[in-house]
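**Q** Data: my_file07.cif, mmCIF, C-alpha atoms.
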```cif
data_coords
loop_
_atom_site.label_atom_id
_atom_site.label_comp_id
_atom_site.auth_asym_id
_atom_site.auth_seq_id
_atom_site.Cartn_x
_atom_site.Cartn_y
_atom_site.Cartn_z
CA MET A 33 -72.72 3.62 141.60
CA ARG A 34 -74.44 7.03 141.68
CA LYS A 35 -72.59 9.72 139.73
CA ALA A 36 -71.68 12.70 141.92
CA ALA A 37 -70.22 16.16 141.28
CA PHE A 38 -68.73 18.76 143.63
CA PHE A 39 -69.19 22.50 143.16
CA ILE A 40 -66.58 24.33 145.25
CA ASP A 41 -66.78 27.99 146.24
CA GLY A 42 -63.04 28.66 146.21
CA PHE A 43 -62.84 31.86 148.23
CA ASN A 44 -65.42 30.68 150.74
CA LEU A 45 -63.32 27.60 151.37
CA TYR A 46 -60.03 29.53 151.34
CA HIS A 47 -61.11 32.16 153.86
CA SER A 48 -62.53 29.55 156.22
CA ILE A 49 -59.00 28.13 156.39
CA ASP A 50 -57.16 31.45 156.25
CA ASN A 51 -59.15 32.91 159.17
CA THR A 52 -57.56 30.43 161.60
CA LYS A 53 -53.76 30.66 161.72
CA SER A 54 -53.28 27.06 162.81
CA PHE A 55 -55.12 25.93 159.66
CA HIS A 56 -52.84 27.76 157.20
CA LYS A 57 -50.85 24.55 156.76
CA TYR A 58 -53.91 23.04 155.05
CA LYS A 59 -54.01 25.51 152.14
CA TRP A 60 -52.08 23.05 149.95
CA LEU A 61 -55.40 21.29 149.45
CA ASN A 62 -56.09 18.57 146.92
CA LEU A 63 -59.67 19.43 145.98
CA TRP A 64 -60.37 16.16 144.17
CA LYS A 65 -59.13 14.08 147.08
CA LEU A 66 -61.11 16.18 149.57
CA SER A 67 -64.28 15.81 147.51
CA GLU A 68 -63.82 12.07 147.11
CA SER A 69 -63.39 11.64 150.85
CA LEU A 70 -66.78 13.26 151.51
CA LEU A 71 -68.86 11.07 149.20
CA LEU A 72 -71.41 8.64 150.54
CA SER A 73 -70.99 4.94 149.86
CA LYS A 74 -72.15 3.80 146.43
CA GLU A 75 -71.28 7.20 144.95
CA GLN A 76 -68.61 7.83 142.35
CA LEU A 77 -66.99 11.21 141.80
CA GLU A 78 -67.39 12.29 138.19
CA ASP A 79 -66.44 15.97 138.31
CA VAL A 80 -65.07 18.65 140.63
CA PHE A 81 -65.86 22.23 139.66
CA TYR A 82 -63.72 24.90 141.32
CA PHE A 83 -64.85 28.53 141.20
CA THR A 84 -62.37 31.28 142.04
CA ALA A 85 -60.80 34.57 140.85
CA TYR A 86 -57.27 35.95 140.64
CA THR A 87 -56.01 38.94 142.62
CA ASP A 88 -54.57 40.85 139.66
CA TRP A 89 -53.30 43.72 141.82
CA ASN A 90 -50.94 41.44 143.79
CA ALA A 91 -48.48 39.68 141.48
CA ASP A 92 -46.99 37.30 144.06
CA ARG A 93 -50.35 36.19 145.40
CA LYS A 94 -51.69 35.77 141.88
CA GLN A 95 -48.74 33.58 140.90
CA ARG A 96 -49.24 31.34 143.94
CA HIS A 97 -52.91 31.06 143.09
CA GLU A 98 -52.23 30.28 139.43
CA ASN A 99 -49.84 27.50 140.47
CA TYR A 100 -52.43 26.09 142.84
CA VAL A 101 -55.12 26.18 140.15
CA LEU A 102 -52.77 24.48 137.67
CA ILE A 103 -52.06 21.67 140.13
CA ASN A 104 -55.74 21.05 140.80
CA LYS A 105 -56.59 21.18 137.09
CA ASN A 106 -53.87 18.62 136.47
CA ASN A 107 -55.56 16.49 139.13
CA GLY A 108 -58.90 16.52 137.31
CA CYS A 109 -60.67 19.66 138.55
CA LYS A 110 -62.54 21.96 136.18
CA VAL A 111 -61.96 25.65 136.91
CA THR A 112 -64.27 28.61 136.30
CA LEU A 113 -62.79 32.05 136.90
CA GLY A 114 -64.62 35.14 138.09
CA LYS A 115 -62.94 38.49 138.54
CA PHE A 116 -62.36 41.32 140.97
CA LEU A 117 -63.65 44.82 140.31
CA LYS A 118 -62.26 48.01 141.81
CA LYS A 119 -64.59 49.88 144.12
CA ASP A 120 -64.16 53.39 145.52
CA ARG A 121 -64.67 53.33 149.28
CA THR A 122 -64.81 55.87 152.09
CA SER A 123 -63.32 55.00 155.46
CA MET A 124 -65.86 55.23 158.28
CA VAL A 125 -63.35 54.38 161.00
CA GLU A 126 -63.61 56.76 163.94
CA CYS A 127 -60.75 59.26 163.97
CA ASN A 128 -58.12 59.35 166.67
CA THR A 129 -55.77 62.17 167.61
CA PRO A 130 -54.00 63.63 165.66
CA CYS A 131 -56.36 62.64 162.83
CA LYS A 132 -59.41 64.26 164.42
CA THR A 133 -59.94 67.86 163.40
CA GLY A 134 -62.79 70.06 164.54
CA ASN A 135 -66.08 68.18 164.77
CA GLN A 136 -65.17 65.45 162.28
CA ARG A 137 -65.87 62.08 163.89
CA PHE A 138 -64.99 59.71 161.09
CA CYS A 139 -61.84 59.46 158.96
CA CYS A 140 -63.64 59.80 155.57
CA LYS A 141 -60.47 59.05 153.62
CA LYS A 142 -61.00 57.67 150.12
CA TYR A 143 -59.46 54.33 149.16
CA ILE A 144 -59.82 51.61 146.54
CA ALA A 145 -61.13 48.17 147.49
CA HIS A 146 -61.49 45.04 145.36
CA GLU A 147 -64.76 43.14 145.24
CA GLU A 148 -65.08 39.61 143.90
CA LYS A 149 -67.70 39.29 141.18
CA MET A 150 -69.36 36.49 139.21
CA THR A 151 -68.30 33.56 141.40
CA ASP A 152 -71.67 33.01 143.10
CA VAL A 153 -73.47 33.52 139.77
CA ASN A 154 -71.14 31.05 138.05
CA ILE A 155 -71.80 28.47 140.76
CA ALA A 156 -75.55 29.00 140.64
CA VAL A 157 -75.75 28.71 136.85
CA SER A 158 -73.55 25.59 136.85
CA ILE A 159 -75.65 23.82 139.49
CA VAL A 160 -78.93 24.61 137.72
CA LYS A 161 -77.43 23.51 134.38
CA ALA A 162 -76.24 20.22 135.89
CA ALA A 163 -79.68 19.57 137.35
CA ALA A 164 -81.40 20.34 134.04
CA LEU A 165 -79.07 18.08 132.05
CA LYS A 166 -79.35 15.32 134.68
CA ARG A 167 -75.65 14.52 134.42
CA TYR A 168 -75.37 13.46 138.05
CA GLU A 169 -77.47 11.68 140.64
CA ALA A 170 -75.85 13.67 143.46
CA ILE A 171 -74.69 17.28 143.59
CA TYR A 172 -72.48 18.54 146.42
CA LEU A 173 -72.14 22.26 147.11
CA LEU A 174 -69.09 23.19 149.17
CA SER A 175 -69.88 26.70 150.38
CA GLY A 176 -71.23 28.71 153.27
CA ASP A 177 -72.78 31.37 151.02
CA ASN A 178 -76.48 31.77 151.82
CA ASP A 179 -77.00 33.54 148.48
CA LEU A 180 -76.82 30.16 146.73
CA ILE A 181 -80.10 28.94 148.25
CA PRO A 182 -82.20 30.02 145.19
CA ALA A 183 -79.97 27.95 142.91
CA LEU A 184 -80.45 24.87 145.08
CA LYS A 185 -84.22 25.41 145.14
CA THR A 186 -84.30 25.74 141.36
CA ALA A 187 -82.20 22.59 140.91
CA LEU A 188 -84.68 20.65 143.05
CA GLU A 189 -87.64 22.03 141.11
CA ILE A 190 -86.03 21.04 137.80
CA SER A 191 -84.90 17.62 138.98
CA PRO A 192 -86.78 16.48 142.12
CA ASP A 193 -84.99 13.13 142.21
CA ILE A 194 -81.50 14.62 142.40
CA LYS A 195 -79.67 14.30 145.71
CA ILE A 196 -78.32 17.66 146.83
CA ARG A 197 -75.85 17.73 149.70
CA LEU A 198 -74.27 20.73 151.39
CA VAL A 199 -70.68 20.74 152.62
CA LEU A 200 -69.93 23.62 154.97
CA PRO A 201 -66.36 24.95 155.15
CA ILE A 202 -64.74 24.68 158.54
CA ASN A 203 -65.97 27.49 160.86
CA ALA A 204 -68.69 28.61 158.40
CA LYS A 205 -71.86 30.02 160.00
CA ALA A 206 -74.40 29.65 157.16
CA LYS A 207 -77.48 29.46 159.37
CA ASN A 208 -79.82 30.09 156.45
CA LEU A 209 -78.26 27.30 154.41
CA MET A 210 -78.59 24.88 157.31
CA SER A 211 -82.22 25.89 157.83
CA PHE A 212 -82.85 25.40 154.12
CA CYS A 213 -81.42 21.87 154.32
CA SER A 214 -83.61 21.07 157.31
CA ASP A 215 -86.72 22.42 155.58
CA TYR A 216 -86.05 20.36 152.45
CA SER A 217 -84.71 17.27 154.27
CA LEU A 218 -81.30 17.65 152.64
CA ARG A 219 -78.09 16.29 154.11
CA TYR A 220 -75.39 18.70 155.22
CA ILE A 221 -72.02 18.12 156.82
CA ARG A 222 -69.22 20.33 158.06
CA ILE A 223 -65.60 19.81 156.99
CA LYS A 224 -63.45 18.70 159.90
CA GLU A 225 -59.77 19.38 160.39
CA ALA A 226 -58.98 15.71 159.79
CA CYS A 227 -60.50 15.96 156.29
CA LEU A 228 -58.24 18.88 155.42
CA SER A 229 -55.19 17.15 156.85
CA SER A 230 -55.72 13.94 154.86
CA ALA A 231 -56.33 15.74 151.55
CA GLN A 232 -53.01 17.55 151.12
CA PHE A 233 -50.86 17.47 148.00
CA SER A 234 -47.35 16.10 148.24
CA ASP A 235 -44.60 18.72 148.35
CA PRO A 236 -43.42 19.28 145.71
CA VAL A 237 -45.98 18.41 143.06
CA ILE A 238 -44.24 17.60 139.77
CA ILE A 239 -46.03 18.34 136.49
CA ASN A 240 -44.25 17.84 133.16
CA GLY A 241 -40.91 17.85 134.97
CA ILE A 242 -41.59 21.15 136.77
CA LYS A 243 -41.68 21.22 140.57
CA TYR A 244 -44.40 23.21 142.32
CA HIS A 245 -43.66 23.76 146.00
CA LYS A 246 -46.03 24.59 148.80
CA PRO A 247 -45.41 28.25 149.77
CA ALA A 248 -43.17 28.39 152.83
CA HIS A 249 -45.55 30.65 154.79
CA TRP A 250 -48.30 28.02 154.42
CA ASN A 251 -46.36 25.66 156.70
#
```
Is it possible to give me this structure as structure tokens?
**A**
Amino acid sequence: MRKAAFFIDGFNLYHSIDNTKSFHKYKWLNLWKLSESLLLSKEQLEDVFYFTAYTDWNADRKQRHENYVLINKNNGCKVTLGKFLKKDRTSMVECNTPCKTGNQRFCCKKYIAHEEKMTDVNIAVSIVKAAALKRYEAIYLLSGDNDLIPALKTALEISPDIKIRLVLPINAKAKNLMSFCSDYSLRYIRIKEACLSSAQFSDPVIINGIKYHKPAHWN
């Protein structure tokens, strides 16, 4: 059996599900089970690496996320956390009456946004490290982020015999990633709704006698 590992871009996967209301019921996702279901025959899942970051400015959302991470860690996943940084932004939305004054066309109001940092770098470094150490015969990247192409190229240069496979989140565009796979004769697949449906945790999940319930608004 070939040893395989999954590297999962958490927010890329999450937003692909969150962007379609009818898919919200699939957020209670068992990442190990999903990864295992996507393996080729004669491959054995050794590790699942999950990369994400907590929304520290929203306590309720952070708590839901922490519970979800705990459940997946308990199920065998290895988690690497990035972080969000505050960014000062200026609104460039066109003004409407009564906002418009004089010749001002755009709102120009100042606001604070949050930008995820480190996740793509963490994924890239982890993939290159895995290729260099030759821990696996097959590496799966679950992401639609075109910025990860250099990491995949480097992994192939370091370890030409390694099998790299791309798993696109549902509804992901990722044209550059798909072109890259075609150019390098790599296999890529797109997650289907049936895969999400069959890889759900039970509700509740019980860990050390504590019940963790799927959030009601995810149903």
**Q** Do a neighbour search on A:Ile49 at 9 Å with only C-alpha atoms, toss out local chain neighbours closer than 5 positions, and write the hits as a list in words.
**A**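 The residues satisfying every condition are Asn44, Ser54, Phe55, His56, Lys57, Tyr58, Lys59, Pro201, Ile202 and Asn203 of chain A.
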**Q** Applying the PyMOL selection byres ((chain A and resi 193) around 12) to the file I just gave you, which residues come out? Please list them as a ChimeraX atom specification.
**A** /A:163-164,166,168-171,187-192,194-196,218
**Q** Smallest atom-to-atom distance to A:Leu61: which of A:Ile155, A:Val101, A:Ile221, A:Ala37, using only C-alpha atoms?
**A**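 Between A:Ile155, A:Val101, A:Ile221, A:Ala37, the residue approaching A:Leu61 most closely is A:Val101.
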**Q** By how many Å are atom CA of A:Gln232 and atom CA of A:Glu98 apart?
**A**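 Those two atoms sit 17.3 Å apart.
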**Q** From the options A:Lys246, A:Arg222, A:Arg96, A:Lys74, which residue's atoms come nearest to A:Gly176, counting all atoms listed in the file?
**A**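 Answer, going by the shortest atom-to-atom distance: A:Arg222.
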**Q** Please write as an mmCIF file with C-alpha atoms, keeping the file's coordinate frame the full residue list that the PyMOL selection byres ((chain A and resi 66) around 9) yields on this file.
**A**
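The resulting file, part_22.cif, is reproduced below:
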```cif
data_model
loop_
_atom_site.group_PDB
_atom_site.id
_atom_site.type_symbol
_atom_site.label_atom_id
_atom_site.label_comp_id
_atom_site.auth_asym_id
_atom_site.auth_seq_id
_atom_site.Cartn_x
_atom_site.Cartn_y
_atom_site.Cartn_z
ATOM 1 C CA LEU A 61 -55.400 21.290 149.450
ATOM 2 C CA ASN A 62 -56.090 18.570 146.920
ATOM 3 C CA LEU A 63 -59.670 19.430 145.980
ATOM 4 C CA TRP A 64 -60.370 16.160 144.170
ATOM 5 C CA LYS A 65 -59.130 14.080 147.080
ATOM 6 C CA SER A 67 -64.280 15.810 147.510
ATOM 7 C CA GLU A 68 -63.820 12.070 147.110
ATOM 8 C CA SER A 69 -63.390 11.640 150.850
ATOM 9 C CA LEU A 70 -66.780 13.260 151.510
ATOM 10 C CA CYS A 227 -60.500 15.960 156.290
ATOM 11 C CA LEU A 228 -58.240 18.880 155.420
ATOM 12 C CA SER A 230 -55.720 13.940 154.860
ATOM 13 C CA ALA A 231 -56.330 15.740 151.550
ATOM 14 C CA GLN A 232 -53.010 17.550 151.120
#
```
**Q** Determine, counting only C-alpha atoms, which protein, DNA and RNA residues have an atom within 12 Å of an atom of A:Met150; residues of the same chain fewer than 4 positions away are not included. Present the result as a list of chain:residue names.
**A**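 My list of contacting residues is A:Asp41, A:Phe83, A:Thr84, A:Ala85, A:Thr112, A:Leu113, A:Gly114, A:Lys115, A:Phe116, A:Leu117, A:Asn154, A:Ile155, A:Ala156, A:Val157, A:Ser158.
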**Q** Smallest atom-to-atom distance to A:Ala206: which of A:Ser48, A:Phe39, A:Tyr244, A:Asp88, using all atoms listed in the file?
**A**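 Ranked by minimum distance to A:Ala206, first place goes to A:Ser48.
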**Q** Just the number, please: distance in Å from atom CA of A:Lys243 to atom CA of A:Phe81, one decimal.
**A** 24.2 Å
**Q** Could you name the residues that touch A:His245 at 10 Å or less, counting all atoms listed in the file, but leaving out those on the same chain fewer than 4 positions away, as a VMD selection string?
**A** chain A and resid 60 96 99 to 100 233 to 238
**Q** Which of these residues is nearest to A:Leu72, using all atoms listed in the file: A:Lys224, A:Arg219, A:His97, A:Lys205?
**A**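 With all atoms listed in the file as the atom set, the closest residue is A:Arg219.
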**Q** Tell me, in Å to one decimal, how far atom CA of A:Pro182 is from atom CA of A:Asp50.
**A**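 Atom CA of A:Asp50 lies at a distance of 27.4 Å from atom CA of A:Pro182.
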**Q** Between A:Ile159, A:Lys207, A:Gln95, A:Lys53, single out the one closest to A:His249, counting all atoms listed in the file.
**A**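 With all atoms listed in the file as the atom set, the closest residue is A:Lys53.
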